[in-house]
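Before any comments, here is the structure.
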Amino acid sequence: MKKSYLFLAGLLGLLAAPAAAQNTPTRPTDGQGNWLMYDQPPKPAPYPKTAQVAPLPQATSHAKTTMGTTYVPLDNDIYRLIDRYAILRGSDSLGEIHTSVRPYTRAAVARLAERMLADSAAGLSRQDRFNVRYLLRDNWHDTRQDSAINQREKPFFSYFYQRPTDLYSVETPSFSLRVNPVAGLSLGNSDGAKSYTFLNTRGVQVEGTIDERLGFYAFLADNQMAVPFYVQERVERDRAVPHEGFWKPFKTTGGQYDFLSARGYLTYAAGRHVSLQLGHDRNQIGNGYRSLILSDYASPYLFLKVQTRIWKFKYQNLFAQLTTDPSDKDDTYGRKFLAMHHLSLDVLPNLNVGLFESILSGSRRRDSVIVNGRVEVQNRNTFELQYLNPIIFYRAIEQSVGSRDGNALLGLDFKWNVQQRVQLYGQLVLDEFVLSQIRAGNGWWANKQAAQLGAKYINVAGIKNFDLQGEFNFIRPFTYQAQDKYRDYQQAAQPLAHPMGANLWELIGIASYQPLPRLNVVAKGFLVKQGLDAPGQNYGSNVLLPYTTRPGDFGFSVGSGLTSYLLHGDFTASYQAAHNLFLDGKLVYRHRTFSGSQPPPPYFTASNGVLASVALRWNIAQRLHEF
């Protein structure tokens, strides 16, 4: 695989050219130093501009839009902090983070951090102050609070690290640019034939804005990885490296992989309430640790996203092109198409309810073509253009055009914040729903539903920065499966929803504590009962299999097949030595058993062991294998 060192060196060399506009430019502000968006007129300052922290004037709190900026990269650790303050601070009209749709815009996160800092007199802990200032520094383009301490008196070689957050940065009234290196190095023991695991990631991340309307982002990294045996089993079963696209074996030892990670997008603010995004990246819907609607587990994909935020509504249209096959060969892959709508309403300032519908379609058209003088019949994938309609229900479209090639899902989600301390959330997904069959209680295979219920509790028992989260997920057999790979709910042989597929129930417990401003400790536990496939039989757990291979029509319940019980525990301590430079120590405990005397299915074995690792991360999230 070609390395990216020459590319990175050339890029940094070009960026190191003298830039005359490095000093903070003068632009209109809202009176407290926060830069205005492109369409917000200047307003007189209600207090002296020299004030470091001041309450936000009510007149402008509803005027600032969060459209047209770049996004905070998906990272469980960072998003846990953001969600914590979204619970503590409450709603903020257009400036509020809409936590059901991820990733979040940097403008919305900066706005939340400003409001938290303005409320610091209410009693923020040292840890909270550190976190809030971290968010302000990390999203400096959309705020002017803390701008003074986000400047270095003596940058490296005059151009590098003028801000402690970025290797190289430029800011003018019409243009901003951030360039950062990406690195991930880890070493640990293994539970298989290998004696060790490792991760070696090197890359670059670039983002910026133009005229406050256009945003751009690019991430490129080269990776070599040796994984534990339970991850190797999953890769061999699905022929897919979790979270990634094309890959190839690294060296000759099993369980070692070489792959590139590439993501990027363009955003455009079409108005104060509408934004467009075209990219190759991941998306997520839901407030839970897992998502039963759309998760960030699968590899990145091409998509067009339209977001509309007005009054009490948030409406997202997502149109994506997905890959039908595992990305383990240098070949042409089949394509299918995803269209998804998610509409949510703030029923109360602290209660949000959302509805969604999606359809996966890969209609095949048989065309006669002439090849070498002969007439051949070829199958070609087509996309029903009427699925681009952003409003009409997809089943109605199918009936109107006479198409039955789509696999439609419907459902809802909700979030309820209680007393700015507790958040209750949940999801319901309907793949197939026949009330008479549910009442019959005969385990009909096509009763395909999934449900989630969870809660987050902030500052438990008055202990500052000690938070708990509990979550229950229930997914019936054959949920997300379809007749073929052109309609099942997967991307490049990776589930688009729960990473473990279906035919399961799962209990999740998460405890996070921040004893010191730079130290975070997180303990996670997963208890999963899942019915796995017997040799040659499909019991509805693997999303990649067609439901036509099921052994019958009735008698299915969660756990049908070879019943597996998995206990997965994770304890991680992360120390932030510098901005976005983390040192991690991790312990993972796994215990999998099977009920009865049946042999385990292919690629999954009973296991019992502890995995320990240490890691250094720079501008990159943890790589997790929680399945």
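Chains: A, B, ... in order of the structure tokens. Residues: from 1 per chain. Ligands: from 1, in order shown.
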Please list as a PDB file with C-alpha atoms, in the first residue's frame every residue within 7 Å of A:Val610, counting only C-alpha atoms and excluding residues in the same chain fewer than 2 positions away.
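Output file around_32.pdb follows:
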```
ATOM      1  CA  LEU A 587      -8.390  -3.332  30.440  1.00  0.00           C
ATOM      2  CA  VAL A 588     -10.964  -5.444  28.586  1.00  0.00           C
ATOM      3  CA  TYR A 589     -12.577  -8.543  30.090  1.00  0.00           C
ATOM      4  CA  ARG A 590     -14.543 -10.962  27.907  1.00  0.00           C
ATOM      5  CA  ALA A 612      -4.591  -5.021  28.526  1.00  0.00           C
TER       6      ALA A 612
END
```
Would you pick out the contacts of A:Ala606 at 9 Å or less, using only C-alpha atoms, so that residues sharing its chain but fewer than 4 positions from it are not included, and give the list as a list in words?
Ser564, His591, Arg592, Thr593, Phe594 and Pro600 of chain A
Would you kindly return, as a PDB file with N, CA and C atoms, in the first residue's frame, each protein, DNA or RNA residue with an atom no farther than 8 Å from any atom of stretch 492-503 of chain A, considering only C-alpha atoms and excluding same-chain residues fewer than 4 positions away?
```
ATOM      1  N   ASP A 238     -17.230 -11.930   8.245  1.00  0.00           N
ATOM      2  CA  ASP A 238     -17.853 -10.925   7.378  1.00  0.00           C
ATOM      3  C   ASP A 238     -16.945 -10.436   6.259  1.00  0.00           C
ATOM      4  N   ARG A 239     -15.661 -10.782   6.332  1.00  0.00           N
ATOM      5  CA  ARG A 239     -14.668 -10.279   5.364  1.00  0.00           C
ATOM      6  C   ARG A 239     -14.641  -8.753   5.371  1.00  0.00           C
ATOM      7  N   ALA A 240     -14.718  -8.174   6.557  1.00  0.00           N
ATOM      8  CA  ALA A 240     -14.740  -6.718   6.695  1.00  0.00           C
ATOM      9  C   ALA A 240     -14.036  -6.331   7.990  1.00  0.00           C
ATOM     10  N   PRO A 242     -13.812  -3.898  10.992  1.00  0.00           N
ATOM     11  CA  PRO A 242     -14.806  -2.993  11.583  1.00  0.00           C
ATOM     12  C   PRO A 242     -14.473  -1.522  11.357  1.00  0.00           C
ATOM     13  N   HIS A 243     -15.457  -0.782  10.920  1.00  0.00           N
ATOM     14  CA  HIS A 243     -15.423   0.676  10.718  1.00  0.00           C
ATOM     15  C   HIS A 243     -14.710   1.094   9.428  1.00  0.00           C
ATOM     16  N   GLY A 245     -13.256   0.510   5.143  1.00  0.00           N
ATOM     17  CA  GLY A 245     -13.583   0.043   3.808  1.00  0.00           C
ATOM     18  C   GLY A 245     -12.564  -0.964   3.318  1.00  0.00           C
ATOM     19  N   ARG A 290     -25.785   2.842  21.864  1.00  0.00           N
ATOM     20  CA  ARG A 290     -26.059   2.168  20.603  1.00  0.00           C
ATOM     21  C   ARG A 290     -27.150   2.946  19.878  1.00  0.00           C
ATOM     22  N   SER A 291     -27.251   2.722  18.577  1.00  0.00           N
ATOM     23  CA  SER A 291     -28.365   3.256  17.808  1.00  0.00           C
ATOM     24  C   SER A 291     -28.998   2.121  17.028  1.00  0.00           C
ATOM     25  N   LEU A 292     -30.311   1.999  17.130  1.00  0.00           N
ATOM     26  CA  LEU A 292     -31.048   0.996  16.380  1.00  0.00           C
ATOM     27  C   LEU A 292     -31.578   1.551  15.072  1.00  0.00           C
ATOM     28  N   ILE A 293     -31.358   2.849  14.838  1.00  0.00           N
ATOM     29  CA  ILE A 293     -31.812   3.496  13.601  1.00  0.00           C
ATOM     30  C   ILE A 293     -30.654   3.639  12.620  1.00  0.00           C
ATOM     31  N   LEU A 294     -29.609   4.332  13.034  1.00  0.00           N
ATOM     32  CA  LEU A 294     -28.419   4.525  12.210  1.00  0.00           C
ATOM     33  C   LEU A 294     -27.252   4.803  13.135  1.00  0.00           C
ATOM     34  N   SER A 295     -26.234   3.928  13.118  1.00  0.00           N
ATOM     35  CA  SER A 295     -25.081   4.082  13.995  1.00  0.00           C
ATOM     36  C   SER A 295     -23.853   4.469  13.182  1.00  0.00           C
ATOM     37  N   ASP A 296     -22.758   4.733  13.889  1.00  0.00           N
ATOM     38  CA  ASP A 296     -21.501   5.082  13.233  1.00  0.00           C
ATOM     39  C   ASP A 296     -20.554   3.887  13.154  1.00  0.00           C
ATOM     40  N   TYR A 297     -21.098   2.660  13.233  1.00  0.00           N
ATOM     41  CA  TYR A 297     -20.239   1.470  13.221  1.00  0.00           C
ATOM     42  C   TYR A 297     -19.691   1.164  11.829  1.00  0.00           C
ATOM     43  N   ALA A 298     -20.511   1.269  10.796  1.00  0.00           N
ATOM     44  CA  ALA A 298     -20.110   0.851   9.454  1.00  0.00           C
ATOM     45  C   ALA A 298     -19.068   1.796   8.871  1.00  0.00           C
ATOM     46  N   SER A 299     -18.472   1.362   7.778  1.00  0.00           N
ATOM     47  CA  SER A 299     -17.467   2.187   7.104  1.00  0.00           C
ATOM     48  C   SER A 299     -18.122   3.420   6.487  1.00  0.00           C
ATOM     49  N   LEU A 322     -24.542   3.137  -0.955  1.00  0.00           N
ATOM     50  CA  LEU A 322     -23.873   2.143  -0.124  1.00  0.00           C
ATOM     51  C   LEU A 322     -23.264   1.043  -0.988  1.00  0.00           C
ATOM     52  N   THR A 323     -22.362   0.291  -0.379  1.00  0.00           N
ATOM     53  CA  THR A 323     -21.701  -0.828  -1.038  1.00  0.00           C
ATOM     54  C   THR A 323     -22.331  -2.130  -0.576  1.00  0.00           C
ATOM     55  N   THR A 324     -22.619  -3.026  -1.499  1.00  0.00           N
ATOM     56  CA  THR A 324     -23.310  -4.269  -1.150  1.00  0.00           C
ATOM     57  C   THR A 324     -22.359  -5.374  -0.709  1.00  0.00           C
ATOM     58  N   ASP A 325     -21.068  -5.264  -1.040  1.00  0.00           N
ATOM     59  CA  ASP A 325     -20.139  -6.376  -0.858  1.00  0.00           C
ATOM     60  C   ASP A 325     -19.034  -6.036   0.127  1.00  0.00           C
ATOM     61  N   PRO A 326     -18.399  -7.076   0.698  1.00  0.00           N
ATOM     62  CA  PRO A 326     -17.214  -6.837   1.537  1.00  0.00           C
ATOM     63  C   PRO A 326     -16.109  -6.164   0.721  1.00  0.00           C
ATOM     64  N   SER A 327     -15.361  -5.278   1.377  1.00  0.00           N
ATOM     65  CA  SER A 327     -14.335  -4.500   0.666  1.00  0.00           C
ATOM     66  C   SER A 327     -12.956  -5.131   0.858  1.00  0.00           C
ATOM     67  N   ILE A 475     -33.718  -6.613  20.103  1.00  0.00           N
ATOM     68  CA  ILE A 475     -33.854  -6.715  18.651  1.00  0.00           C
ATOM     69  C   ILE A 475     -34.293  -8.133  18.311  1.00  0.00           C
ATOM     70  N   ARG A 476     -35.447  -8.274  17.684  1.00  0.00           N
ATOM     71  CA  ARG A 476     -35.968  -9.588  17.345  1.00  0.00           C
ATOM     72  C   ARG A 476     -35.184 -10.213  16.174  1.00  0.00           C
ATOM     73  N   PRO A 477     -35.279 -11.537  16.055  1.00  0.00           N
ATOM     74  CA  PRO A 477     -34.601 -12.218  14.940  1.00  0.00           C
ATOM     75  C   PRO A 477     -35.042 -11.682  13.581  1.00  0.00           C
ATOM     76  N   PHE A 478     -34.105 -11.674  12.637  1.00  0.00           N
ATOM     77  CA  PHE A 478     -34.302 -11.303  11.234  1.00  0.00           C
ATOM     78  C   PHE A 478     -34.534  -9.807  11.020  1.00  0.00           C
ATOM     79  N   THR A 479     -34.535  -8.994  12.096  1.00  0.00           N
ATOM     80  CA  THR A 479     -34.610  -7.541  11.918  1.00  0.00           C
ATOM     81  C   THR A 479     -33.403  -7.075  11.119  1.00  0.00           C
ATOM     82  N   TYR A 480     -33.615  -6.193  10.174  1.00  0.00           N
ATOM     83  CA  TYR A 480     -32.625  -5.625   9.271  1.00  0.00           C
ATOM     84  C   TYR A 480     -32.238  -6.561   8.126  1.00  0.00           C
ATOM     85  N   GLN A 530     -27.664 -13.563  22.832  1.00  0.00           N
ATOM     86  CA  GLN A 530     -27.888 -13.528  21.388  1.00  0.00           C
ATOM     87  C   GLN A 530     -28.008 -14.945  20.852  1.00  0.00           C
ATOM     88  N   GLY A 531     -28.963 -15.133  19.951  1.00  0.00           N
ATOM     89  CA  GLY A 531     -29.087 -16.402  19.242  1.00  0.00           C
ATOM     90  C   GLY A 531     -28.262 -16.366  17.979  1.00  0.00           C
ATOM     91  N   LEU A 532     -27.203 -17.174  17.929  1.00  0.00           N
ATOM     92  CA  LEU A 532     -26.314 -17.203  16.776  1.00  0.00           C
ATOM     93  C   LEU A 532     -26.730 -18.312  15.819  1.00  0.00           C
ATOM     94  N   TYR A 539     -30.601 -18.094  11.838  1.00  0.00           N
ATOM     95  CA  TYR A 539     -31.563 -17.804  12.901  1.00  0.00           C
ATOM     96  C   TYR A 539     -31.764 -16.300  13.107  1.00  0.00           C
ATOM     97  N   GLY A 540     -31.325 -15.500  12.141  1.00  0.00           N
ATOM     98  CA  GLY A 540     -31.695 -14.089  12.158  1.00  0.00           C
ATOM     99  C   GLY A 540     -30.795 -13.173  12.936  1.00  0.00           C
ATOM    100  N   SER A 541     -29.555 -13.573  13.239  1.00  0.00           N
ATOM    101  CA  SER A 541     -28.657 -12.679  13.968  1.00  0.00           C
ATOM    102  C   SER A 541     -27.728 -11.906  13.050  1.00  0.00           C
ATOM    103  N   ASN A 542     -27.355 -12.495  11.932  1.00  0.00           N
ATOM    104  CA  ASN A 542     -26.393 -11.891  11.016  1.00  0.00           C
ATOM    105  C   ASN A 542     -27.141 -11.106   9.942  1.00  0.00           C
ATOM    106  N   VAL A 543     -26.955  -9.784   9.945  1.00  0.00           N
ATOM    107  CA  VAL A 543     -27.653  -8.905   9.007  1.00  0.00           C
ATOM    108  C   VAL A 543     -27.287  -9.228   7.561  1.00  0.00           C
ATOM    109  N   LEU A 544     -26.136  -9.836   7.333  1.00  0.00           N
ATOM    110  CA  LEU A 544     -25.659 -10.062   5.977  1.00  0.00           C
ATOM    111  C   LEU A 544     -26.365 -11.220   5.277  1.00  0.00           C
ATOM    112  N   SER A 557     -37.770 -16.591  18.797  1.00  0.00           N
ATOM    113  CA  SER A 557     -37.715 -15.590  19.869  1.00  0.00           C
ATOM    114  C   SER A 557     -36.258 -15.190  20.040  1.00  0.00           C
ATOM    115  N   VAL A 558     -36.028 -14.130  20.799  1.00  0.00           N
ATOM    116  CA  VAL A 558     -34.652 -13.685  21.021  1.00  0.00           C
ATOM    117  C   VAL A 558     -33.871 -14.786  21.732  1.00  0.00           C
ATOM    118  N   GLY A 559     -32.795 -15.208  21.130  1.00  0.00           N
ATOM    119  CA  GLY A 559     -32.005 -16.316  21.641  1.00  0.00           C
ATOM    120  C   GLY A 559     -32.173 -17.588  20.839  1.00  0.00           C
ATOM    121  N   SER A 560     -33.093 -17.611  19.867  1.00  0.00           N
ATOM    122  CA  SER A 560     -33.274 -18.791  19.028  1.00  0.00           C
ATOM    123  C   SER A 560     -31.985 -19.094  18.279  1.00  0.00           C
ATOM    124  N   PHE A 627     -18.286  -5.705  20.542  1.00  0.00           N
ATOM    125  CA  PHE A 627     -19.293  -6.600  19.980  1.00  0.00           C
ATOM    126  C   PHE A 627     -18.964  -8.034  20.379  1.00  0.00           C
TER     127      PHE A 627
END
```
Need the shell around stretch 216-225 of chain A: protein/DNA/RNA residues with any atom at most 8 Å away, counting only C-alpha atoms. Skip same-chain ones fewer than 2 positions apart. Format as a VMD selection string?
chain A and resid 3 to 4 70 182 197 to 209 214 227 250 256 to 267
